[in-house]
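Colleague: Quick one: the structure is below, questions incoming.
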Amino acid sequence: MNGANRVAVAGARRTTELRLDGSGRGGRWKGEVFRALLIFCLVIAFVTLLAVIVQASVRGMPRIDLNLITQMPSTLDRETSGMQSAIFGTIYVMVGLIVTVVPIGVSAAIFLEEFADGTKWWVRFIELNVQNLAAVPSIVFGILGLAFIVRGPLDLGTVAYAGSLTLALLVLPTVILASREAIRAVPTSLRQASLGLGATKWQTIWHHVLPSAVPGIVTGTILALSRAIGETAPLLLVGATVFVTYNPDGFFEGAYTVLPVQIFQWAVRPQEEFRILAAAGIILLLAVLLVMNSIAIWIRNKYTRDA
Amino acid sequence: MSLRHNTLARASVVAAALLALTACGDDADGATDETTSAAAGSEDGADEESEGGMALAGDIAIDGSSTVTPLTEPAAELFMQENPDVRIAVGTSGTGGGFEKFCAGETDISMASRQIDEEEIAACEEAGITFEELGVANDGLAVVVNPENDWATCLTVDELNAAWRDGSTVQSWSDINPEFPDEAIALYGPGTDSGTFDYFTDAINGEEGNIRQDYNDIGEDDNAAVTGVSGEVGAMAFIPLSFVLEAGDQVKAIEVENEAGECVAPTNETVQAGDYNPLGRELFIYPKGESIADKPEVKAFAEFYVNNSDEIAEAAGFIALTEEQKAEALEQIATLGGGR
């Protein structure tokens with residue numbers, strides 16, 4: 001955004017505030033009630049999150065140690081059993097997911113926003129489908145992944161990348177919708193200026209629209225990855241096994257497991273040691289998620305600053 | 001808009017695209033790699049067999065019943081301690097889900113808490129998958145009562161069902177059978193996460209998870225059931241057979257009428273012989289004929305599983321195989337391996 005834009009936005013914000021606070025019509029208390037309601041909602045969200053973290057921390061504390069990340073799962077030595085194979089499996093699946101879903105999702109968003117003719121029936125059909133896909137239960141994608149990715153046309157077998165692809169289908173709508181919003185938010189004046197100076201449409205998108213949209217695209221990607229990292233059901237179907245004592249050989253070779261599957265498996269075991277391990281695993285999963293999101297936020301901030 | 005900004009943006013998009021391309025490239029490579037390594041693997045296998053004594057190597061894929069998983073995990077761990085180059089992955093898709101994958105040729109060994117059914121046999125035959133059924137352990141449940149309870153000596157499945165099923169209104173022993181005294185009944189059982197719970201509810205109430213809501217859930221501590229039953233004259237509980245043997249005189253295990261109409265006491269022997277039903281059963285693995293014949297590591301693992309039944313079963317809380325059961329299983333492995 002340039003200086004003029006910033007001034008315009010600030011002016012608009014002030015006008016809106018003046019109109020909406022309702023002081024002119026004696027409705028200030030309505031604003032207060034609404035504000036209290038919003039804070040209440042925020043508190044509920046935070047308390048829930050805090051309760052989960054505290055409960056898992058207290059329960060898993062005895063096993064939040066180095067063994068948890070350096071050791072392989074074990075039934076015989078439950079006291080020192082760890083989740084190394086699950087950590088590596090999760091990293092493989094997530095990296096595979098990012099390199100698949102970001103290019104496809106952003107390309108689709110560029111097409112829909114910049115090139116597609118919204119009056120054509122098939123463009124509207126595609127848009128409708130993208131929105132509907134976002135609401136399909138994850139297990140359905142698991143079945144799809146088993147039939148078309150693990151077996152059938154792609155025939156990848158039960159490897160980490162099959163999990164990545166299945167999750168990519170699952171979160172693709174999130175990435176497309178967020179990227180579209182981000183691209184749409186780029187001011188038209190920017191495009192017109194670029195086009196007016198003789199740039200081609202592609203040059204305009206590549207040099208101006210996309211860089212300005214990066215913060216929004218990254219936010220959408222963070223949301224998508226956060227959902228994907230916690231998925232269990234579709235991965236169980238596409239071959240994440242529950243007991244693997246070695247790391248994946250690569251994206252296309254070797255058995256794998258992921259953190260949520262391992263946690264799920266341990267949480268329903270009768271032995272107390274496994275339940276403590278499951279709680280410790282939840283903390284570990286949250287830590288991995290935080291690290292991943294921190295990297296994404298770092299990228300986003302870098303772009304927001306530069307703009 | 002700075003130049004740096006543009007370059008960075010372009011670089012990141014290009015990097016993403018390149019990664020995607022590499023990923024696609026890997027796909028083809030991966031496929032060829034897999035075939036070569038598979039080919040190499042079978043050659044290795046041939047070498048090993050001819051030279052003998054060479055270290056086993058390779059991957060074994062196992063999937064199936066969640067009841068058998070706690071047994072297969074220690075088996076796999078012990079085997080991998082002896083053969084560090086063999087890698088075993090165990091999945092838990094359930095007995096039916098395991099056979100589905102097995103008959104699609106995706107696994108080397110399928111785990112099952114029941115025998116393979118007609119439909120599954122047909123699916124395997126159609127896919128050209130040969131297999132043999134190996135018993136790997138025995139699983140038994142005991143119904144225990146207070147030692148002072150002198151009326152309940154042998155119960156039928158119907159009587160047990162009347163006391164335990166969901167919605168049961170039985171309050172005293174005389175409600176089960178008019179010949180029993182009017183002694184208040186107290187029921188103890190493990191929590192829903194245990195295999196014992198799944199098995200008992202399935203065998204007695206016809207459906208996993210079907211149980212009356214007001215029984216005393218003792219969680220996973222089977223000893224709590226022993227304590228509860230020993231302190232209350234009218235109490236009844238179901239616990240794994242291994243706990244009855246440990247509990248000694250604190251509780252009395254009662255006989256259960258089997259399908260043949262005989263009253264059978266729960267002991268390792270009656271479970272192993274198959275007389276103690278429906279609360280005694282055998283757990284199975286189904287190795288694939290092709291894997292036994294072509295992958296020496298699969299054959300070695302199957303033999304290891306059977307030979308070390310005592311140690312493995314103890315680690316998982318099951319009853320080991322008898323010598324005859326072991327001999328029978330080993331013979332089946334030999335047939336399966338030599339039949340090709």
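Residue names in the structure tokens use chain letters A, B, ... in the order shown, residue numbers from 1 in each chain, and ligand numbers from 1 in the order shown.
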Per residue of chain A within 6 Å of chain B, what are the shortest atom pair and its distance in Å to one decimal, counting only C-alpha atoms, with rows by chain and residue number, as a Markdown table?

Modeller:
| residue | atom | partner | partner_atom | distance |
| --- | --- | --- | --- | --- |
| A:Thr75 | CA | B:Pro74 | CA | 5.8 |
| A:Leu76 | CA | B:Pro74 | CA | 6.0 |
| A:Val99 | CA | B:Ala20 | CA | 5.3 |
| A:Thr100 | CA | B:Ala20 | CA | 5.8 |
| A:Pro211 | CA | B:Ala9 | CA | 5.6 |
| A:Thr241 | CA | B:Gly91 | CA | 4.3 |
| A:Val242 | CA | B:Gly91 | CA | 5.1 |
| A:Phe243 | CA | B:Val90 | CA | 4.9 |
| A:Val244 | CA | B:Ala89 | CA | 4.8 |
| A:Phe252 | CA | B:Gly30 | CA | 5.6 |
| A:Val268 | CA | B:Asp193 | CA | 5.6 |
| A:Pro270 | CA | B:Ser194 | CA | 5.6 |

Colleague: Using the selection just defined, write its residues with N, CA and C atoms as an mmCIF file, in the first residue's frame.

Modeller:
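again_25.cif written:
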data_model
loop_
_atom_site.group_PDB
_atom_site.id
_atom_site.type_symbol
_atom_site.label_atom_id
_atom_site.label_comp_id
_atom_site.auth_asym_id
_atom_site.auth_seq_id
_atom_site.Cartn_x
_atom_site.Cartn_y
_atom_site.Cartn_z
ATOM 1 N N THR A 75 6.437 -51.047 22.698
ATOM 2 C CA THR A 75 5.443 -51.641 23.596
ATOM 3 C C THR A 75 6.142 -52.297 24.769
ATOM 4 N N LEU A 76 7.366 -52.733 24.553
ATOM 5 C CA LEU A 76 8.088 -53.441 25.605
ATOM 6 C C LEU A 76 8.647 -52.469 26.631
ATOM 7 N N VAL A 99 4.229 -28.113 -0.617
ATOM 8 C CA VAL A 99 4.696 -27.939 -1.998
ATOM 9 C C VAL A 99 3.606 -28.321 -2.992
ATOM 10 N N THR A 100 2.585 -29.054 -2.543
ATOM 11 C CA THR A 100 1.504 -29.416 -3.456
ATOM 12 C C THR A 100 0.394 -28.370 -3.438
ATOM 13 N N PRO A 211 2.825 -10.110 -5.118
ATOM 14 C CA PRO A 211 3.587 -9.685 -3.940
ATOM 15 C C PRO A 211 2.717 -8.982 -2.905
ATOM 16 N N THR A 241 0.334 -46.061 9.497
ATOM 17 C CA THR A 241 0.264 -47.216 10.376
ATOM 18 C C THR A 241 0.441 -46.765 11.819
ATOM 19 N N VAL A 242 0.126 -47.658 12.757
ATOM 20 C CA VAL A 242 0.148 -47.231 14.148
ATOM 21 C C VAL A 242 1.409 -47.652 14.876
ATOM 22 N N PHE A 243 2.171 -48.537 14.301
ATOM 23 C CA PHE A 243 3.388 -48.979 14.973
ATOM 24 C C PHE A 243 4.508 -49.079 13.954
ATOM 25 N N VAL A 244 5.322 -48.025 13.863
ATOM 26 C CA VAL A 244 6.464 -48.023 12.963
ATOM 27 C C VAL A 244 7.667 -47.590 13.778
ATOM 28 N N PHE A 252 8.070 -41.091 -1.220
ATOM 29 C CA PHE A 252 7.406 -42.124 -2.018
ATOM 30 C C PHE A 252 7.794 -43.536 -1.611
ATOM 31 N N VAL A 268 -6.183 -44.740 23.514
ATOM 32 C CA VAL A 268 -7.207 -45.756 23.763
ATOM 33 C C VAL A 268 -6.610 -47.062 24.285
ATOM 34 N N PRO A 270 -5.180 -49.494 27.211
ATOM 35 C CA PRO A 270 -5.513 -49.554 28.636
ATOM 36 C C PRO A 270 -4.358 -49.145 29.559
#

Colleague: I'd like the contact shell of segment 259-269 of chain B - 12 Å cut-off, only C-alpha atoms, skipping same-chain residues fewer than 6 positions apart - returned as an NGL selection string.

Modeller: :B and (137-144 or 152-158 or 203 or 238-245 or 252-253 or 275-282 or 318-325)

Colleague: Please identify the helix (DSSP H, G or I) residues within segment 52-297 of chain A (assignment by DSSP from backbone atoms) and present them as an MDAnalysis selection string.

Modeller: chainID A and resid 52:63 66:70 78:80 84:115 121:133 138:150 160:184 188:196 201:229 233:237 259:267 272:297

Colleague: Suppose you want the space between atom CA of Leu235 of chain A and atom CA of Phe264 of chain A; what is it in Å?

Modeller: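 It comes out at 11.9 Å.
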
Colleague: For atom CA of Ala228 of chain A and atom CA of Ala168 of chain A, determine how far apart the two atoms are, in Å to one decimal place.

Modeller: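 Separation of atom CA of Ala228 of chain A and atom CA of Ala168 of chain A: 8.2 Å.
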
Colleague: Leaving out Met72 of chain A and any residue of its chain fewer than 2 positions from it, which residues lie within 6 Å of it when counting only C-alpha atoms, given as a compact mmCIF listing (two decimals) with C-alpha atoms, in the first residue's frame?

Modeller:
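Saved file part13.txt follows:
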# COMPACT_ATOMS: atom_id res chain seq x y z
CA GLY A 82 9.08 -42.02 22.08
CA MET A 83 7.54 -40.60 18.92
CA GLN A 84 10.49 -40.06 16.61
CA THR A 245 9.91 -47.98 14.50

Colleague: I'd like the neighbourhood of Leu144 of chain A as a list in words, where a residue qualifies if any of its atoms comes within 12 Å (using only C-alpha atoms), though same-chain residues fewer than 6 positions away should be ignored.

Modeller: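 Residues near the query, excluding close chain neighbours: Val136, Pro137, Ser138, Val150, Arg151, Gly152, Pro153, Leu154, Ala162, Gly163, Leu165, Thr166, Leu167, Leu169, Leu170, Pro234, Leu235, Leu237 and Val238 of chain A.
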
Colleague: Take the residues from that selection and put them in a file with N, CA, C and O atoms, as a compact mmCIF listing (two decimals), in the first residue's frame.

Modeller:
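Output contents, as saved in selection-v2.txt:
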# COMPACT_ATOMS: atom_id res chain seq x y z
N VAL A 136 -16.84 -30.57 3.07
CA VAL A 136 -16.92 -32.03 3.02
C VAL A 136 -16.15 -32.64 4.19
O VAL A 136 -15.03 -32.21 4.47
N PRO A 137 -16.74 -33.62 4.91
CA PRO A 137 -16.04 -34.23 6.05
C PRO A 137 -14.73 -34.89 5.61
O PRO A 137 -14.64 -35.44 4.51
N SER A 138 -13.73 -34.85 6.49
CA SER A 138 -12.40 -35.30 6.11
C SER A 138 -12.35 -36.79 5.78
O SER A 138 -11.57 -37.22 4.94
N VAL A 150 -3.86 -44.00 -3.20
CA VAL A 150 -3.13 -45.18 -2.73
C VAL A 150 -3.26 -46.32 -3.73
O VAL A 150 -2.30 -46.97 -4.10
N ARG A 151 -4.52 -46.55 -4.17
CA ARG A 151 -4.75 -47.55 -5.22
C ARG A 151 -5.13 -46.81 -6.49
O ARG A 151 -4.89 -45.62 -6.60
N GLY A 152 -5.75 -47.54 -7.41
CA GLY A 152 -6.34 -46.91 -8.59
C GLY A 152 -5.36 -46.14 -9.44
O GLY A 152 -4.20 -46.50 -9.53
N PRO A 153 -5.83 -45.04 -10.04
CA PRO A 153 -5.06 -44.33 -11.07
C PRO A 153 -3.63 -43.96 -10.64
O PRO A 153 -2.69 -44.19 -11.39
N LEU A 154 -3.47 -43.38 -9.45
CA LEU A 154 -2.12 -42.94 -9.05
C LEU A 154 -1.27 -44.07 -8.49
O LEU A 154 -0.06 -44.09 -8.70
N ALA A 162 1.23 -39.97 -0.35
CA ALA A 162 -0.19 -40.27 -0.53
C ALA A 162 -0.99 -39.54 0.55
O ALA A 162 -2.07 -39.01 0.29
N GLY A 163 -0.44 -39.50 1.77
CA GLY A 163 -1.07 -38.75 2.84
C GLY A 163 -1.08 -37.27 2.53
O GLY A 163 -2.09 -36.58 2.71
N LEU A 165 -1.05 -35.79 -0.41
CA LEU A 165 -2.00 -35.50 -1.49
C LEU A 165 -3.44 -35.50 -0.97
O LEU A 165 -4.24 -34.65 -1.33
N THR A 166 -3.75 -36.49 -0.13
CA THR A 166 -5.09 -36.58 0.42
C THR A 166 -5.41 -35.34 1.25
O THR A 166 -6.48 -34.74 1.11
N LEU A 167 -4.46 -34.93 2.09
CA LEU A 167 -4.68 -33.74 2.90
C LEU A 167 -4.72 -32.50 2.02
O LEU A 167 -5.43 -31.53 2.32
N LEU A 169 -6.04 -32.26 -0.95
CA LEU A 169 -7.42 -32.15 -1.44
C LEU A 169 -8.31 -31.56 -0.35
O LEU A 169 -9.19 -30.73 -0.61
N LEU A 170 -8.05 -32.00 0.88
CA LEU A 170 -8.87 -31.58 2.01
C LEU A 170 -8.78 -30.07 2.25
O LEU A 170 -9.79 -29.42 2.51
N PRO A 234 -8.61 -39.37 7.84
CA PRO A 234 -8.26 -39.68 6.45
C PRO A 234 -6.90 -40.38 6.36
O PRO A 234 -6.71 -41.23 5.49
N LEU A 235 -5.98 -40.05 7.26
CA LEU A 235 -4.66 -40.67 7.17
C LEU A 235 -4.70 -42.14 7.57
O LEU A 235 -3.95 -42.96 7.03
N LEU A 237 -7.00 -44.08 6.82
CA LEU A 237 -7.48 -44.79 5.62
C LEU A 237 -6.38 -44.91 4.57
O LEU A 237 -6.30 -45.90 3.87
N VAL A 238 -5.56 -43.87 4.42
CA VAL A 238 -4.56 -43.93 3.35
C VAL A 238 -3.23 -44.48 3.84
O VAL A 238 -2.21 -44.29 3.21

Colleague: So what do you get for atom CA of Glu255 of chain B versus atom CA of Lys326 of chain B, distance-wise?

Modeller: 27.0 Å

Colleague: Need to verify the contact set: Val123 of chain A, 12 Å, only C-alpha atoms, exclusion of same-chain residues closer than 5 positions in sequence. Can you return it as a short mmCIF file (atom, residue, chain, number, x, y, z; two decimals) with all heavy atoms, in the first residue's frame?

Modeller:
data_model
loop_
_atom_site.label_atom_id
_atom_site.label_comp_id
_atom_site.auth_asym_id
_atom_site.auth_seq_id
_atom_site.Cartn_x
_atom_site.Cartn_y
_atom_site.Cartn_z
N ALA A 108 -5.02 -21.51 -8.82
CA ALA A 108 -6.47 -21.55 -9.00
C ALA A 108 -7.09 -20.20 -8.63
O ALA A 108 -7.97 -19.69 -9.32
CB ALA A 108 -7.08 -22.66 -8.16
N PHE A 111 -6.40 -17.59 -11.30
CA PHE A 111 -7.27 -17.81 -12.46
C PHE A 111 -8.67 -17.29 -12.18
O PHE A 111 -9.24 -16.53 -12.96
CB PHE A 111 -7.31 -19.29 -12.81
CG PHE A 111 -8.33 -19.61 -13.86
CD1 PHE A 111 -8.08 -19.31 -15.20
CD2 PHE A 111 -9.55 -20.18 -13.53
CE1 PHE A 111 -9.01 -19.57 -16.18
CE2 PHE A 111 -10.50 -20.44 -14.50
CZ PHE A 111 -10.23 -20.13 -15.82
N LEU A 112 -9.21 -17.68 -11.03
CA LEU A 112 -10.59 -17.31 -10.72
C LEU A 112 -10.75 -15.80 -10.54
O LEU A 112 -11.77 -15.23 -10.93
CB LEU A 112 -11.07 -18.05 -9.46
CG LEU A 112 -11.33 -19.54 -9.65
CD1 LEU A 112 -11.64 -20.20 -8.32
CD2 LEU A 112 -12.48 -19.77 -10.63
N GLU A 113 -9.75 -15.15 -9.96
CA GLU A 113 -9.87 -13.73 -9.70
C GLU A 113 -9.53 -12.87 -10.92
O GLU A 113 -10.18 -11.86 -11.18
CB GLU A 113 -8.97 -13.33 -8.53
CG GLU A 113 -9.57 -13.58 -7.16
CD GLU A 113 -10.90 -12.90 -6.97
OE1 GLU A 113 -11.01 -11.70 -7.28
OE2 GLU A 113 -11.85 -13.58 -6.52
N PHE A 115 -8.56 -13.97 -14.33
CA PHE A 115 -8.79 -14.39 -15.72
C PHE A 115 -10.21 -14.86 -15.99
O PHE A 115 -10.77 -14.56 -17.02
CB PHE A 115 -7.81 -15.50 -16.11
CG PHE A 115 -6.38 -15.05 -16.16
CD1 PHE A 115 -5.52 -15.26 -15.10
CD2 PHE A 115 -5.91 -14.38 -17.29
CE1 PHE A 115 -4.21 -14.82 -15.15
CE2 PHE A 115 -4.59 -13.94 -17.35
CZ PHE A 115 -3.74 -14.17 -16.28
N ALA A 116 -10.78 -15.62 -15.02
CA ALA A 116 -12.07 -16.25 -15.30
C ALA A 116 -13.17 -15.19 -15.48
O ALA A 116 -13.17 -14.16 -14.83
CB ALA A 116 -12.43 -17.19 -14.16
N ASP A 117 -14.10 -15.50 -16.37
CA ASP A 117 -15.23 -14.62 -16.62
C ASP A 117 -16.38 -15.08 -15.72
O ASP A 117 -16.99 -16.13 -15.94
CB ASP A 117 -15.61 -14.73 -18.10
CG ASP A 117 -16.83 -13.87 -18.42
OD1 ASP A 117 -17.40 -13.29 -17.47
OD2 ASP A 117 -17.18 -13.80 -19.60
N GLY A 118 -16.66 -14.29 -14.70
CA GLY A 118 -17.64 -14.68 -13.69
C GLY A 118 -19.05 -14.86 -14.21
O GLY A 118 -19.90 -15.38 -13.50
N LEU A 128 -18.75 -22.53 -6.99
CA LEU A 128 -19.69 -23.20 -6.10
C LEU A 128 -19.07 -24.47 -5.53
O LEU A 128 -19.16 -24.75 -4.34
CB LEU A 128 -20.97 -23.54 -6.87
CG LEU A 128 -22.13 -24.07 -6.03
CD1 LEU A 128 -22.71 -22.95 -5.20
CD2 LEU A 128 -23.19 -24.68 -6.93
N ASN A 129 -18.39 -25.22 -6.39
CA ASN A 129 -17.78 -26.47 -5.95
C ASN A 129 -16.66 -26.26 -4.95
O ASN A 129 -16.53 -27.00 -3.99
CB ASN A 129 -17.25 -27.24 -7.16
CG ASN A 129 -18.30 -28.14 -7.73
OD1 ASN A 129 -18.95 -28.86 -6.98
ND2 ASN A 129 -18.50 -28.08 -9.02
N VAL A 130 -15.85 -25.22 -5.20
CA VAL A 130 -14.76 -24.95 -4.27
C VAL A 130 -15.32 -24.66 -2.89
O VAL A 130 -14.85 -25.16 -1.88
CB VAL A 130 -13.91 -23.76 -4.77
CG1 VAL A 130 -12.94 -23.31 -3.69
CG2 VAL A 130 -13.15 -24.15 -6.02
#

Colleague: So that I can see what lies close to Asn247 of chain A, please list as a list in words the residues with an atom at most 10 Å from it, counting only C-alpha atoms and leaving out residues fewer than 2 positions away in the same chain.

Modeller: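 In the requested format, the answer is Met72, Gln84, Ser85, Ala86, Ile87, Phe88, Gly89, Tyr92, Val244, Thr245, Asp249, Gly250, Gly254, Ala255, Tyr256 and Thr257 of chain A.
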
Colleague: Suppose we keep N, CA and C atoms; can you now write the selection as a short mmCIF file (atom, residue, chain, number, x, y, z; two decimals), in the first residue's frame?

Modeller:
data_model
loop_
_atom_site.label_atom_id
_atom_site.label_comp_id
_atom_site.auth_asym_id
_atom_site.auth_seq_id
_atom_site.Cartn_x
_atom_site.Cartn_y
_atom_site.Cartn_z
N MET A 72 12.08 -44.33 19.40
CA MET A 72 11.02 -44.88 18.58
C MET A 72 9.93 -45.44 19.51
N GLN A 84 9.64 -40.58 17.67
CA GLN A 84 10.49 -40.06 16.61
C GLN A 84 9.91 -40.33 15.21
N SER A 85 9.45 -41.57 14.99
CA SER A 85 8.94 -41.89 13.66
C SER A 85 7.71 -41.05 13.32
N ALA A 86 6.91 -40.74 14.35
CA ALA A 86 5.70 -39.93 14.10
C ALA A 86 6.07 -38.49 13.80
N ILE A 87 7.11 -37.96 14.47
CA ILE A 87 7.54 -36.59 14.20
C ILE A 87 8.03 -36.48 12.76
N PHE A 88 8.89 -37.43 12.36
CA PHE A 88 9.41 -37.39 10.99
C PHE A 88 8.28 -37.59 9.98
N GLY A 89 7.36 -38.52 10.30
CA GLY A 89 6.24 -38.75 9.40
C GLY A 89 5.43 -37.48 9.20
N TYR A 92 7.35 -35.04 6.97
CA TYR A 92 7.28 -35.45 5.56
C TYR A 92 5.91 -35.11 4.96
N VAL A 244 5.32 -48.02 13.86
CA VAL A 244 6.46 -48.02 12.96
C VAL A 244 7.67 -47.59 13.78
N THR A 245 8.74 -48.32 13.69
CA THR A 245 9.91 -47.98 14.50
C THR A 245 11.04 -47.43 13.64
N ASP A 249 11.38 -43.49 4.43
CA ASP A 249 12.56 -43.47 3.56
C ASP A 249 12.54 -42.24 2.68
N GLY A 250 11.36 -41.71 2.44
CA GLY A 250 11.23 -40.57 1.54
C GLY A 250 9.76 -40.32 1.34
N GLY A 254 8.36 -46.36 1.87
CA GLY A 254 8.40 -46.68 3.29
C GLY A 254 7.13 -46.35 4.05
N ALA A 255 6.87 -47.15 5.08
CA ALA A 255 5.70 -46.91 5.91
C ALA A 255 5.91 -45.66 6.73
N TYR A 256 4.82 -45.05 7.18
CA TYR A 256 4.93 -43.84 7.98
C TYR A 256 3.79 -43.78 8.98
N THR A 257 3.97 -42.98 10.00
CA THR A 257 2.88 -42.66 10.89
C THR A 257 2.97 -41.18 11.19
#

Colleague: Can you check which residues of segment 123-244 of chain B DSSP gives as strand (DSSP E or B) on the backbone and send them as a list in words?

Modeller: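 So the strand (DSSP E or B) residues in segment 123-244 of chain B would be Phe131, Leu134, Gly135, Val136, Ala137, Asn138, Asp139, Gly140, Leu141, Ala142, Val143, Val144, Val145, Cys154, Leu155, Ser172, Ala184, Ala186, Leu187, Tyr188, Gly189, Asn216, Asp217, Ala235, Met236, Ala237, Phe238, Ile239 and Pro240 of chain B.
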
Colleague: Neighbours of Val145 of chain B within 8 Å (only C-alpha atoms; same-chain residues fewer than 4 positions away dropped), as a list of chain:residue names?

Modeller: B:Asn149, B:Val229, B:Ser230, B:Val233, B:Gly234, B:Ala235, B:Met236, B:Ala237, B:Val251, B:Lys252, B:Ala253, B:Ile254

Colleague: Suppose we keep N, CA and C atoms; can you now write the selection as a PDB file, in the first residue's frame?

Modeller:
ATOM      1  N   ASN B 149     -20.097 -67.238  47.574  1.00  0.00           N
ATOM      2  CA  ASN B 149     -21.244 -67.496  46.695  1.00  0.00           C
ATOM      3  C   ASN B 149     -21.237 -68.981  46.348  1.00  0.00           C
ATOM      4  N   VAL B 229     -15.021 -57.779  44.166  1.00  0.00           N
ATOM      5  CA  VAL B 229     -15.758 -59.042  44.247  1.00  0.00           C
ATOM      6  C   VAL B 229     -15.458 -59.764  45.557  1.00  0.00           C
ATOM      7  N   SER B 230     -14.221 -59.666  46.034  1.00  0.00           N
ATOM      8  CA  SER B 230     -13.877 -60.395  47.258  1.00  0.00           C
ATOM      9  C   SER B 230     -14.527 -59.762  48.491  1.00  0.00           C
ATOM     10  N   VAL B 233     -20.642 -60.284  48.872  1.00  0.00           N
ATOM     11  CA  VAL B 233     -21.114 -61.648  48.622  1.00  0.00           C
ATOM     12  C   VAL B 233     -21.826 -61.771  47.276  1.00  0.00           C
ATOM     13  N   GLY B 234     -22.597 -60.748  46.923  1.00  0.00           N
ATOM     14  CA  GLY B 234     -23.394 -60.865  45.702  1.00  0.00           C
ATOM     15  C   GLY B 234     -22.715 -60.328  44.464  1.00  0.00           C
ATOM     16  N   ALA B 235     -21.407 -60.081  44.534  1.00  0.00           N
ATOM     17  CA  ALA B 235     -20.734 -59.428  43.410  1.00  0.00           C
ATOM     18  C   ALA B 235     -20.385 -60.398  42.284  1.00  0.00           C
ATOM     19  N   MET B 236     -20.292 -59.854  41.064  1.00  0.00           N
ATOM     20  CA  MET B 236     -19.871 -60.641  39.902  1.00  0.00           C
ATOM     21  C   MET B 236     -19.047 -59.706  39.003  1.00  0.00           C
ATOM     22  N   ALA B 237     -17.995 -60.251  38.369  1.00  0.00           N
ATOM     23  CA  ALA B 237     -17.151 -59.435  37.490  1.00  0.00           C
ATOM     24  C   ALA B 237     -16.608 -60.281  36.351  1.00  0.00           C
ATOM     25  N   VAL B 251     -11.199 -64.758  44.757  1.00  0.00           N
ATOM     26  CA  VAL B 251     -12.431 -64.844  43.968  1.00  0.00           C
ATOM     27  C   VAL B 251     -12.601 -66.265  43.451  1.00  0.00           C
ATOM     28  N   LYS B 252     -13.839 -66.573  43.039  1.00  0.00           N
ATOM     29  CA  LYS B 252     -14.122 -67.901  42.501  1.00  0.00           C
ATOM     30  C   LYS B 252     -14.530 -67.742  41.033  1.00  0.00           C
ATOM     31  N   ALA B 253     -13.808 -68.416  40.156  1.00  0.00           N
ATOM     32  CA  ALA B 253     -14.185 -68.373  38.744  1.00  0.00           C
ATOM     33  C   ALA B 253     -15.296 -69.380  38.515  1.00  0.00           C
ATOM     34  N   ILE B 254     -16.384 -68.957  37.851  1.00  0.00           N
ATOM     35  CA  ILE B 254     -17.481 -69.898  37.650  1.00  0.00           C
ATOM     36  C   ILE B 254     -17.420 -70.516  36.264  1.00  0.00           C
TER      37      ILE B 254
END
